[in-house]
>>> print(open('input.pdb').read())   # PDB, C-alpha atoms and all ligand atoms
ATOM      1  CA  MET A   1     -10.270  37.227 -60.423
ATOM      2  CA  VAL A   2     -10.472  36.465 -64.109
ATOM      3  CA  ILE A   3     -13.942  35.010 -64.771
ATOM      4  CA  ASN A   4     -14.470  33.227 -68.064
ATOM      5  CA  GLY A   5     -11.284  34.696 -69.416
ATOM      6  CA  LYS A   6     -12.597  38.213 -68.901
ATOM      7  CA  ALA A   7     -10.089  40.645 -67.427
ATOM      8  CA  ASN A   8     -10.479  44.392 -67.822
ATOM      9  CA  GLY A   9     -13.213  43.847 -70.378
ATOM     10  CA  GLU A  10     -10.935  41.778 -72.619
ATOM     11  CA  PHE A  11     -11.286  38.118 -73.491
ATOM     12  CA  HIS A  12      -7.773  36.876 -73.951
ATOM     13  CA  SER A  13      -7.270  34.032 -71.490
ATOM     14  CA  SER A  14      -6.338  30.707 -73.017
ATOM     15  CA  TYR A  15      -8.905  29.141 -70.658
ATOM     16  CA  LEU A  16     -12.601  29.112 -71.454
ATOM     17  CA  TYR A  17     -13.305  29.934 -67.802
ATOM     18  CA  ASP A  18     -11.279  30.679 -64.704
ATOM     19  CA  PRO A  19      -9.434  27.480 -63.616
ATOM     20  CA  GLU A  20      -9.563  28.777 -60.027
ATOM     21  CA  LEU A  21     -13.238  27.839 -60.006
ATOM     22  CA  LEU A  22     -12.216  24.169 -59.995
ATOM     23  CA  HIS A  23     -10.310  24.534 -56.725
ATOM     24  CA  GLY A  24     -11.986  23.432 -53.498
ATOM     25  CA  LEU A  25     -15.081  21.784 -54.957
ATOM     26  CA  GLU A  26     -17.183  20.107 -52.244
ATOM     27  CA  TRP A  27     -16.185  16.491 -52.886
ATOM     28  CA  ASN A  28     -17.230  15.423 -49.369
ATOM     29  CA  SER A  29     -20.807  15.245 -50.578
ATOM     30  CA  ALA A  30     -19.772  12.936 -53.446
ATOM     31  CA  GLN A  31     -17.348  10.739 -51.537
ATOM     32  CA  ASN A  32     -19.473   7.573 -51.649
ATOM     33  CA  LYS A  33     -20.073   7.872 -55.396
ATOM     34  CA  VAL A  34     -16.538   7.093 -56.555
ATOM     35  CA  THR A  35     -14.562   4.059 -55.345
ATOM     36  CA  PRO A  36     -11.602   4.327 -54.997
ATOM     37  CA  PHE A  37     -12.134   7.988 -54.237
ATOM     38  CA  ILE A  38     -10.752  10.438 -56.772
ATOM     39  CA  THR A  39     -11.366  14.145 -57.298
ATOM     40  CA  ASN A  40     -10.635  16.678 -60.016
ATOM     41  CA  GLU A  41      -7.593  17.808 -58.015
ATOM     42  CA  GLN A  42      -6.475  14.230 -57.277
ATOM     43  CA  PRO A  43      -7.638  12.226 -60.292
ATOM     44  CA  GLY A  44      -5.867   8.998 -59.372
ATOM     45  CA  GLU A  45      -2.971   9.241 -61.817
ATOM     46  CA  ASP A  46      -0.590  12.186 -61.850
ATOM     47  CA  TYR A  47      -0.761  12.313 -65.642
ATOM     48  CA  PHE A  48      -4.477  13.137 -65.649
ATOM     49  CA  LEU A  49      -5.277  16.843 -65.502
ATOM     50  CA  VAL A  50      -8.837  18.130 -65.071
ATOM     51  CA  ARG A  51      -9.165  21.702 -66.290
ATOM     52  CA  PRO A  52     -11.259  24.125 -68.348
ATOM     53  CA  LEU A  53     -11.115  23.789 -72.123
ATOM     54  CA  GLN A  54      -8.233  25.763 -73.645
ATOM     55  CA  ILE A  55      -7.878  27.541 -76.954
ATOM     56  CA  ASP A  56      -5.129  25.142 -78.080
ATOM     57  CA  ASP A  57      -7.129  22.007 -77.327
ATOM     58  CA  TYR A  58      -7.906  21.773 -81.053
ATOM     59  CA  GLU A  59      -4.365  20.425 -81.394
ATOM     60  CA  LYS A  60      -4.917  18.079 -78.445
ATOM     61  CA  GLY A  61      -7.721  16.163 -80.102
ATOM     62  CA  PHE A  62     -10.728  17.725 -78.390
ATOM     63  CA  LEU A  63     -12.890  17.517 -81.506
ATOM     64  CA  GLN A  64     -11.794  13.935 -82.200
ATOM     65  CA  LEU A  65     -12.962  13.083 -78.687
ATOM     66  CA  LEU A  66     -16.347  14.740 -79.317
ATOM     67  CA  SER A  67     -16.682  12.693 -82.509
ATOM     68  CA  GLN A  68     -16.959   9.609 -80.251
ATOM     69  CA  LEU A  69     -20.170  11.170 -78.932
ATOM     70  CA  THR A  70     -21.798  12.497 -82.101
ATOM     71  CA  THR A  71     -21.180  14.064 -85.490
ATOM     72  CA  VAL A  72     -18.736  16.949 -85.318
ATOM     73  CA  GLY A  73     -18.095  17.673 -88.997
ATOM     74  CA  ASP A  74     -15.029  19.314 -90.520
ATOM     75  CA  ILE A  75     -14.036  22.244 -88.343
ATOM     76  CA  THR A  76     -10.895  24.251 -89.075
ATOM     77  CA  GLN A  77      -8.687  25.499 -86.270
ATOM     78  CA  ALA A  78      -9.823  29.071 -87.047
ATOM     79  CA  GLU A  79     -13.477  28.016 -86.749
ATOM     80  CA  TYR A  80     -12.760  26.253 -83.463
ATOM     81  CA  GLU A  81     -10.989  29.309 -82.078
ATOM     82  CA  ALA A  82     -13.750  31.691 -83.173
ATOM     83  CA  GLN A  83     -16.359  29.498 -81.472
ATOM     84  CA  PHE A  84     -14.177  29.243 -78.360
ATOM     85  CA  ARG A  85     -13.944  33.055 -78.111
ATOM     86  CA  LYS A  86     -17.715  33.428 -78.586
ATOM     87  CA  MET A  87     -18.381  30.895 -75.820
ATOM     88  CA  GLN A  88     -15.823  32.585 -73.585
ATOM     89  CA  LYS A  89     -17.445  35.961 -74.152
ATOM     90  CA  ALA A  90     -20.937  34.567 -73.462
ATOM     91  CA  GLY A  91     -19.692  33.479 -70.049
ATOM     92  CA  CYS A  92     -22.196  30.678 -69.527
ATOM     93  CA  TYR A  93     -20.192  27.760 -70.956
ATOM     94  CA  PHE A  94     -18.014  25.690 -68.661
ATOM     95  CA  VAL A  95     -16.528  23.065 -70.946
ATOM     96  CA  THR A  96     -14.316  20.931 -68.712
ATOM     97  CA  VAL A  97     -11.804  18.372 -69.950
ATOM     98  CA  ILE A  98      -9.446  15.668 -68.763
ATOM     99  CA  GLU A  99      -6.030  15.767 -70.439
ATOM    100  CA  ASP A 100      -3.587  12.873 -70.469
ATOM    101  CA  ILE A 101      -0.517  15.064 -70.165
ATOM    102  CA  ARG A 102       1.808  12.208 -71.167
ATOM    103  CA  HIS A 103       0.402  12.436 -74.670
ATOM    104  CA  SER A 104      -0.998  16.020 -74.656
ATOM    105  CA  LYS A 105      -4.339  14.480 -75.475
ATOM    106  CA  ILE A 106      -7.871  15.346 -74.341
ATOM    107  CA  ILE A 107      -9.440  12.099 -73.160
ATOM    108  CA  GLY A 108     -12.581  13.218 -71.361
ATOM    109  CA  ALA A 109     -15.018  16.107 -71.495
ATOM    110  CA  ALA A 110     -18.284  17.424 -70.104
ATOM    111  CA  THR A 111     -20.027  20.745 -70.552
ATOM    112  CA  LEU A 112     -21.902  22.693 -67.905
ATOM    113  CA  VAL A 113     -24.158  25.340 -69.441
ATOM    114  CA  THR A 114     -25.784  27.888 -67.162
ATOM    115  CA  GLU A 115     -29.036  29.673 -67.831
ATOM    116  CA  MET A 116     -30.120  32.773 -65.933
ATOM    117  CA  LYS A 117     -33.760  33.074 -64.885
ATOM    118  CA  PHE A 118     -36.166  35.563 -63.393
ATOM    119  CA  ILE A 119     -37.983  32.727 -61.628
ATOM    120  CA  HIS A 120     -36.639  31.263 -58.396
ATOM    121  CA  LYS A 121     -35.513  34.695 -57.209
ATOM    122  CA  CYS A 122     -33.477  35.420 -60.323
ATOM    123  CA  GLY A 123     -31.991  31.945 -60.065
ATOM    124  CA  MET A 124     -29.601  30.138 -62.351
ATOM    125  CA  ARG A 125     -30.122  26.584 -63.592
ATOM    126  CA  ALA A 126     -27.537  24.297 -65.106
ATOM    127  CA  ARG A 127     -27.550  21.775 -67.922
ATOM    128  CA  LEU A 128     -25.107  18.940 -68.429
ATOM    129  CA  GLU A 129     -24.131  18.388 -72.050
ATOM    130  CA  ASP A 130     -21.663  16.479 -74.201
ATOM    131  CA  VAL A 131     -20.255  13.961 -71.732
ATOM    132  CA  VAL A 132     -17.662  11.688 -73.293
ATOM    133  CA  VAL A 133     -14.600   9.654 -72.329
ATOM    134  CA  ASN A 134     -12.181   8.349 -74.964
ATOM    135  CA  ASN A 135     -13.056   4.720 -75.620
ATOM    136  CA  THR A 136      -9.587   3.437 -74.686
ATOM    137  CA  TYR A 137      -9.854   5.133 -71.260
ATOM    138  CA  ARG A 138     -13.366   4.002 -70.309
ATOM    139  CA  GLY A 139     -14.120   1.978 -67.186
ATOM    140  CA  LYS A 140     -11.553   3.837 -65.054
ATOM    141  CA  GLN A 141     -14.109   6.130 -63.343
ATOM    142  CA  LEU A 142     -13.172   9.061 -65.553
ATOM    143  CA  GLY A 143     -16.808   9.382 -66.659
ATOM    144  CA  LYS A 144     -17.895   9.706 -63.047
ATOM    145  CA  LEU A 145     -15.017  12.086 -62.363
ATOM    146  CA  ILE A 146     -15.849  14.532 -65.163
ATOM    147  CA  VAL A 147     -19.605  14.463 -64.492
ATOM    148  CA  LEU A 148     -19.149  14.992 -60.749
ATOM    149  CA  THR A 149     -16.626  17.765 -61.362
ATOM    150  CA  VAL A 150     -19.059  19.849 -63.419
ATOM    151  CA  THR A 151     -21.943  18.897 -61.103
ATOM    152  CA  LEU A 152     -20.035  20.268 -58.107
ATOM    153  CA  LEU A 153     -18.929  23.275 -60.139
ATOM    154  CA  ALA A 154     -22.573  24.099 -60.897
ATOM    155  CA  LYS A 155     -23.304  24.003 -57.167
ATOM    156  CA  LYS A 156     -20.306  26.193 -56.422
ATOM    157  CA  ILE A 157     -21.347  28.918 -58.847
ATOM    158  CA  GLY A 158     -24.858  28.984 -57.390
ATOM    159  CA  CYS A 159     -27.082  26.938 -59.699
ATOM    160  CA  TYR A 160     -30.309  25.672 -58.126
ATOM    161  CA  LYS A 161     -30.551  22.577 -60.319
ATOM    162  CA  MET A 162     -28.739  20.653 -63.025
ATOM    163  CA  SER A 163     -30.537  18.659 -65.692
ATOM    164  CA  LEU A 164     -29.508  16.374 -68.523
ATOM    165  CA  ASP A 165     -30.938  14.228 -71.280
ATOM    166  CA  CYS A 166     -29.564  10.746 -71.780
ATOM    167  CA  LYS A 167     -30.379   7.483 -73.471
ATOM    168  CA  ASP A 168     -32.058   4.777 -71.381
ATOM    169  CA  PRO A 169     -28.933   2.603 -70.883
ATOM    170  CA  LEU A 170     -27.138   5.490 -69.193
ATOM    171  CA  ILE A 171     -29.868   6.176 -66.617
ATOM    172  CA  PRO A 172     -28.182   3.870 -64.043
ATOM    173  CA  PHE A 173     -24.837   5.645 -64.615
ATOM    174  CA  TYR A 174     -26.355   9.032 -63.765
ATOM    175  CA  LYS A 175     -28.397   7.559 -60.892
ATOM    176  CA  THR A 176     -25.183   6.434 -59.184
ATOM    177  CA  LEU A 177     -24.070  10.062 -59.342
ATOM    178  CA  GLY A 178     -27.200  11.381 -57.626
ATOM    179  CA  TYR A 179     -29.394  12.256 -60.602
ATOM    180  CA  THR A 180     -33.044  11.142 -60.565
ATOM    181  CA  LEU A 181     -35.746  10.897 -63.198
ATOM    182  CA  GLU A 182     -38.305  13.632 -62.691
ATOM    183  CA  PRO A 183     -41.827  12.197 -62.474
ATOM    184  CA  GLY A 184     -43.879  13.203 -65.491
ATOM    185  CA  ASN A 185     -40.829  14.533 -67.268
ATOM    186  CA  ALA A 186     -39.188  11.356 -68.503
ATOM    187  CA  ASN A 187     -39.182  12.257 -72.180
ATOM    188  CA  THR A 188     -37.673  15.295 -73.750
ATOM    189  CA  MET A 189     -39.311  16.511 -76.961
ATOM    190  CA  MET A 190     -37.654  18.675 -79.539
ATOM    191  CA  LEU A 191     -38.063  20.298 -82.924
ATOM    192  CA  ARG A 192     -35.104  20.214 -85.277
ATOM    193  CA  TYR A 193     -34.855  23.260 -87.526
ATOM    194  CA  GLU A 194     -33.227  21.364 -90.374
ATOM    195  CA  SER A 195     -36.495  19.487 -90.903
ATOM    196  CA  LYS A 196     -39.520  21.129 -92.525
ATOM    197  CA  LEU A 197     -42.011  22.717 -90.119
TER     198      LEU A 197
HETATM  199  C1  LIG A 201     -20.795   7.243 -70.639
HETATM  200  C2  LIG A 201     -19.283   7.383 -70.534
HETATM  201  C3  LIG A 201     -18.915   8.861 -70.451
HETATM  202  C4  LIG A 201     -18.819   6.695 -69.238
HETATM  203  O1  LIG A 201     -17.417   6.861 -69.140
HETATM  204  P1  LIG A 201     -16.490   5.848 -68.299
HETATM  205  O2  LIG A 201     -15.204   6.539 -68.049
HETATM  206  O3  LIG A 201     -16.448   4.520 -68.930
HETATM  207  O4  LIG A 201     -17.346   5.755 -66.964
HETATM  208  P2  LIG A 201     -16.880   5.199 -65.558
HETATM  209  O5  LIG A 201     -15.637   4.394 -65.661
HETATM  210  O6  LIG A 201     -16.870   6.336 -64.614
HETATM  211  O7  LIG A 201     -18.069   4.186 -65.280
HETATM  212  C5  LIG A 201     -19.073   4.479 -64.423
HETATM  213  C6  LIG A 201     -20.141   3.415 -64.413
HETATM  214  O8  LIG A 201     -21.049   3.571 -65.495
HETATM  215  C7  LIG A 201     -21.198   2.363 -66.229
HETATM  216  N1  LIG A 201     -21.257   2.710 -67.643
HETATM  217  C8  LIG A 201     -20.298   3.315 -68.343
HETATM  218  N2  LIG A 201     -20.679   3.477 -69.617
HETATM  219  C9  LIG A 201     -21.920   2.960 -69.718
HETATM  220  C10 LIG A 201     -22.845   2.797 -70.794
HETATM  221  N3  LIG A 201     -22.561   3.232 -72.025
HETATM  222  N4  LIG A 201     -24.026   2.204 -70.534
HETATM  223  C11 LIG A 201     -24.308   1.748 -69.294
HETATM  224  N5  LIG A 201     -23.465   1.856 -68.237
HETATM  225  C12 LIG A 201     -22.294   2.456 -68.454
HETATM  226  C13 LIG A 201     -19.960   1.555 -65.923
HETATM  227  O9  LIG A 201     -20.248   0.173 -66.010
HETATM  228  C14 LIG A 201     -19.624   1.995 -64.496
HETATM  229  O10 LIG A 201     -20.387   1.245 -63.591
HETATM  230  P3  LIG A 201     -19.745   0.675 -62.220
HETATM  231  O11 LIG A 201     -19.138   1.845 -61.506
HETATM  232  O12 LIG A 201     -20.906   0.073 -61.513
HETATM  233  O13 LIG A 201     -18.734  -0.308 -62.679
HETATM  234  C15 LIG A 201     -18.551   6.698 -71.710
HETATM  235  O14 LIG A 201     -19.013   5.360 -71.813
HETATM  236  C16 LIG A 201     -18.765   7.387 -73.053
HETATM  237  O15 LIG A 201     -18.052   8.339 -73.369
HETATM  238  N6  LIG A 201     -19.719   6.912 -73.840
HETATM  239  C17 LIG A 201     -19.985   7.467 -75.185
HETATM  240  C18 LIG A 201     -20.610   8.826 -75.126
HETATM  241  C19 LIG A 201     -21.886   8.861 -74.306
HETATM  242  O16 LIG A 201     -22.743   8.002 -74.422
HETATM  243  N7  LIG A 201     -21.965   9.910 -73.446
HETATM  244  C20 LIG A 201     -23.095  10.103 -72.561
HETATM  245  C21 LIG A 201     -24.092  10.984 -73.161
HETATM  246  S1  LIG A 201     -25.454  11.250 -72.025
END
>>> encode(input="input.pdb", output="structure tokens", more="lines below")
Ligand SMILES: CC(C)(COP(=O)(O)OP(=O)(O)OC[C@H]1O[C@@H](n2cnc3c(N)ncnc32)[C@H](O)[C@@H]1OP(=O)(O)O)[C@@H](O)C(=O)NCCC(=O)NCCS
Amino acid sequence: MVINGKANGEFHSSYLYDPELLHGLEWNSAQNKVTPFITNEQPGEDYFLVRPLQIDDYEKGFLQLLSQLTTVGDITQAEYEAQFRKMQKAGCYFVTVIEDIRHSKIIGAATLVTEMKFIHKCGMRARLEDVVVNNTYRGKQLGKLIVLTVTLLAKKIGCYKMSLDCKDPLIPFYKTLGYTLEPGNANTMMLRYESKL
């Protein structure tokens, strides 16, 4: 099996991670969370394709989609590709996208990042990052679909928990998908290196 594009020590796959990993996710456990029921393999419309990020997604508007979430900045195709290869080599990034294949356009994305630990019997935890659906496609359950896809993927690859940070208005959205606020851990604090220490 080619994991994270790595075959025979080389990183040359066009996929950030092995698309096989998205087959057979345990949607039974998430059945009551999406109505009507859709899955990554049956996303409701035959022109929606849920798959790992690919090296040519620069041309399919992946960065324009991310700019609906936050500042992306000017990134050349070469910069995008270099970052893609670094993430592929690191092996812990599972950027997952929804493509509208009618228009060869990326219209949804979510990132699963895994972190290996010594605690919890050398466990692995997961973080959910950079969830976004193109504003003209919102309200069609694609947000739920992409979040549940990476949530089930994290379970499949053996993570013991998945966490995320979100703004208050989105707490109900994540609650419907099974996420809960951890008591005593409601706020996340951070230090930004661009500011003076
Ligand atoms: C959040 C986001 C991904 C949801 O995508 P979507 O495709 O519209 O979501 P769905 O169609 O699956 O909607 C799921 C539910 O969440 C609710 N919801 C969606 N966006 C919401 C928002 N911004 N605030 C509050 N509730 C929201 C919907 O009303 C819907 O509820 P329902 O099932 O009871 O009708 C999308 O609004 C988005 O990309 N927002 C901008 C980026 C962002 O904020 N990302 C999240 C960072 S944590």
>>> resolve_selection(input="input.pdb", expression="the PyMOL selection byres (((chain A and resi 93-105) around 6) and not hetatm)", output="count of residues only")
19
>>> closest_residue(input="input.pdb", among="A:Asn32, A:Ser67, A:Ser13, A:Asn40", to="Asn134 in chain A", atoms="all atoms listed in the file")
A:Ser67
>>> closest_residue(input="input.pdb", among="A:Cys159, A:Val150, A:Val132, A:Pro183", to="ligand LIG 201 (chain A)", atoms="all atoms listed in the file")
A:Val132
>>> atom_distance(input="input.pdb", atom1="atom O9 of ligand LIG 201 (chain A)", atom2="CA of Leu22 in chain A")
26.0 Å
>>> resolve_selection(input="input.pdb", expression="the PyMOL selection byres (((chain A and resi 124) around 10) and not hetatm)", output="PyMOL selection string")
chain A and resi 114-123+125-126+154+157-162
>>> write_last_selection(input="input.pdb", atoms="C-alpha atoms", output="PDB file, in the coordinates of the input")
ATOM      1  CA  THR A 114     -25.784  27.888 -67.162  1.00  0.00           C
ATOM      2  CA  GLU A 115     -29.036  29.673 -67.831  1.00  0.00           C
ATOM      3  CA  MET A 116     -30.120  32.773 -65.933  1.00  0.00           C
ATOM      4  CA  LYS A 117     -33.760  33.074 -64.885  1.00  0.00           C
ATOM      5  CA  PHE A 118     -36.166  35.563 -63.393  1.00  0.00           C
ATOM      6  CA  ILE A 119     -37.983  32.727 -61.628  1.00  0.00           C
ATOM      7  CA  HIS A 120     -36.639  31.263 -58.396  1.00  0.00           C
ATOM      8  CA  LYS A 121     -35.513  34.695 -57.209  1.00  0.00           C
ATOM      9  CA  CYS A 122     -33.477  35.420 -60.323  1.00  0.00           C
ATOM     10  CA  GLY A 123     -31.991  31.945 -60.065  1.00  0.00           C
ATOM     11  CA  ARG A 125     -30.122  26.584 -63.592  1.00  0.00           C
ATOM     12  CA  ALA A 126     -27.537  24.297 -65.106  1.00  0.00           C
ATOM     13  CA  ALA A 154     -22.573  24.099 -60.897  1.00  0.00           C
ATOM     14  CA  ILE A 157     -21.347  28.918 -58.847  1.00  0.00           C
ATOM     15  CA  GLY A 158     -24.858  28.984 -57.390  1.00  0.00           C
ATOM     16  CA  CYS A 159     -27.082  26.938 -59.699  1.00  0.00           C
ATOM     17  CA  TYR A 160     -30.309  25.672 -58.126  1.00  0.00           C
ATOM     18  CA  LYS A 161     -30.551  22.577 -60.319  1.00  0.00           C
ATOM     19  CA  MET A 162     -28.739  20.653 -63.025  1.00  0.00           C
TER      20      MET A 162
END
>>> closest_residue(input="input.pdb", among="A:Gln83, A:Gln42, A:Ser29, A:Thr35", to="ligand LIG 201 (chain A)", atoms="all atoms listed in the file")
A:Thr35
>>> residues_around(input="input.pdb", residues="Lys144 in chain A", least_positions_apart="4", cutoff="9 Å", atoms="all atoms listed in the file", output="list in words")
Lys33, Val34, Lys140, Leu148, Thr149, Phe173, Tyr174, Thr176 and Leu177 of chain A
>>> atom_distance(input="input.pdb", atom1="CA of Leu69 in chain A", atom2="CA of Ala90 in chain A")
24.0 Å
>>> atom_distance(input="input.pdb", atom1="atom O4 of ligand LIG 201 (chain A)", atom2="CA of Gln88 in chain A")
27.7 Å
>>> closest_residue(input="input.pdb", among="A:Leu128, A:Ile171, A:Glu45, A:Asp57", to="Leu152 in chain A", atoms="only C-alpha atoms")
A:Leu128
>>> residues_near_ligand(input="input.pdb", ligand="ligand LIG 201 (chain A)", cutoff="7 Å", atoms="all atoms listed in the file", output="list in words")
Gln68, Leu69, Asp130, Val131, Val132, Val133, Asn134, Asn135, Tyr137, Arg138, Gly139, Lys140, Gln141, Leu142, Gly143, Lys144, Leu145, Asp165, Cys166, Lys167, Pro169, Leu170, Pro172 and Phe173 of chain A
>>> axis_aligned_box(input="input.pdb", around="range 59-68 of chain A", padding_each_side="3 Å", output="AutoDock Vina command-line options")
--center_x -10.7 --center_y 15.0 --center_z -80.4 --size_x 18.6 --size_y 16.8 --size_z 10.1
>>> build_atoms(input="input.pdb", residues="range 32-60 of chain A", atoms="N, CA and C atoms", output="short mmCIF file (atom, residue, chain, number, x, y, z; two decimals), keeping the file's coordinate frame")
data_model
loop_
_atom_site.label_atom_id
_atom_site.label_comp_id
_atom_site.auth_asym_id
_atom_site.auth_seq_id
_atom_site.Cartn_x
_atom_site.Cartn_y
_atom_site.Cartn_z
N ASN A 32 -19.04 8.97 -51.52
CA ASN A 32 -19.47 7.57 -51.65
C ASN A 32 -19.83 7.21 -53.09
N LYS A 33 -19.66 8.13 -54.01
CA LYS A 33 -20.07 7.87 -55.40
C LYS A 33 -18.92 7.38 -56.27
N VAL A 34 -17.70 7.49 -55.77
CA VAL A 34 -16.54 7.09 -56.56
C VAL A 34 -15.63 6.23 -55.69
N THR A 35 -15.42 4.97 -56.12
CA THR A 35 -14.56 4.06 -55.34
C THR A 35 -13.56 3.40 -56.29
N PRO A 36 -12.24 3.51 -56.03
CA PRO A 36 -11.60 4.33 -55.00
C PRO A 36 -11.83 5.80 -55.26
N PHE A 37 -11.76 6.58 -54.18
CA PHE A 37 -12.13 7.99 -54.24
C PHE A 37 -11.11 8.80 -55.03
N ILE A 38 -11.59 9.51 -56.02
CA ILE A 38 -10.75 10.44 -56.77
C ILE A 38 -11.50 11.77 -56.89
N THR A 39 -10.76 12.82 -57.12
CA THR A 39 -11.37 14.14 -57.30
C THR A 39 -10.71 14.82 -58.50
N ASN A 40 -11.25 15.96 -58.90
CA ASN A 40 -10.64 16.68 -60.02
C ASN A 40 -9.21 17.12 -59.68
N GLU A 41 -8.94 17.37 -58.38
CA GLU A 41 -7.59 17.81 -58.02
C GLU A 41 -6.67 16.63 -57.73
N GLN A 42 -7.27 15.45 -57.47
CA GLN A 42 -6.48 14.23 -57.28
C GLN A 42 -7.12 13.12 -58.08
N PRO A 43 -6.88 13.13 -59.41
CA PRO A 43 -7.64 12.23 -60.29
C PRO A 43 -7.09 10.80 -60.39
N GLY A 44 -6.30 10.39 -59.41
CA GLY A 44 -5.87 9.00 -59.37
C GLY A 44 -4.51 8.79 -60.00
N GLU A 45 -4.27 9.35 -61.15
CA GLU A 45 -2.97 9.24 -61.82
C GLU A 45 -2.42 10.66 -61.98
N ASP A 46 -1.11 10.81 -61.78
CA ASP A 46 -0.59 12.19 -61.85
C ASP A 46 -0.50 12.71 -63.27
N TYR A 47 -0.78 11.84 -64.26
CA TYR A 47 -0.76 12.31 -65.64
C TYR A 47 -2.15 12.71 -66.14
N PHE A 48 -3.16 12.62 -65.28
CA PHE A 48 -4.48 13.14 -65.65
C PHE A 48 -4.63 14.55 -65.08
N LEU A 49 -5.07 15.46 -65.92
CA LEU A 49 -5.28 16.84 -65.50
C LEU A 49 -6.70 17.25 -65.86
N VAL A 50 -7.46 17.67 -64.84
CA VAL A 50 -8.84 18.13 -65.07
C VAL A 50 -8.80 19.66 -65.07
N ARG A 51 -9.29 20.25 -66.15
CA ARG A 51 -9.16 21.70 -66.29
C ARG A 51 -10.21 22.22 -67.27
N PRO A 52 -10.37 23.56 -67.32
CA PRO A 52 -11.26 24.12 -68.35
C PRO A 52 -10.68 23.88 -69.75
N LEU A 53 -11.56 23.86 -70.73
CA LEU A 53 -11.12 23.79 -72.12
C LEU A 53 -10.18 24.96 -72.42
N GLN A 54 -9.17 24.70 -73.25
CA GLN A 54 -8.23 25.76 -73.64
C GLN A 54 -8.27 25.98 -75.15
N ILE A 55 -7.81 27.17 -75.54
CA ILE A 55 -7.88 27.54 -76.95
C ILE A 55 -7.02 26.62 -77.82
N ASP A 56 -5.97 26.03 -77.25
CA ASP A 56 -5.13 25.14 -78.08
C ASP A 56 -5.53 23.67 -77.99
N ASP A 57 -6.70 23.41 -77.43
CA ASP A 57 -7.13 22.01 -77.33
C ASP A 57 -7.56 21.42 -78.68
N TYR A 58 -7.69 22.28 -79.69
CA TYR A 58 -7.91 21.77 -81.05
C TYR A 58 -6.77 20.82 -81.42
N GLU A 59 -5.55 21.25 -81.05
CA GLU A 59 -4.36 20.42 -81.39
C GLU A 59 -4.25 19.21 -80.48
N LYS A 60 -5.01 19.20 -79.40
CA LYS A 60 -4.92 18.08 -78.44
C LYS A 60 -6.06 17.09 -78.62
#
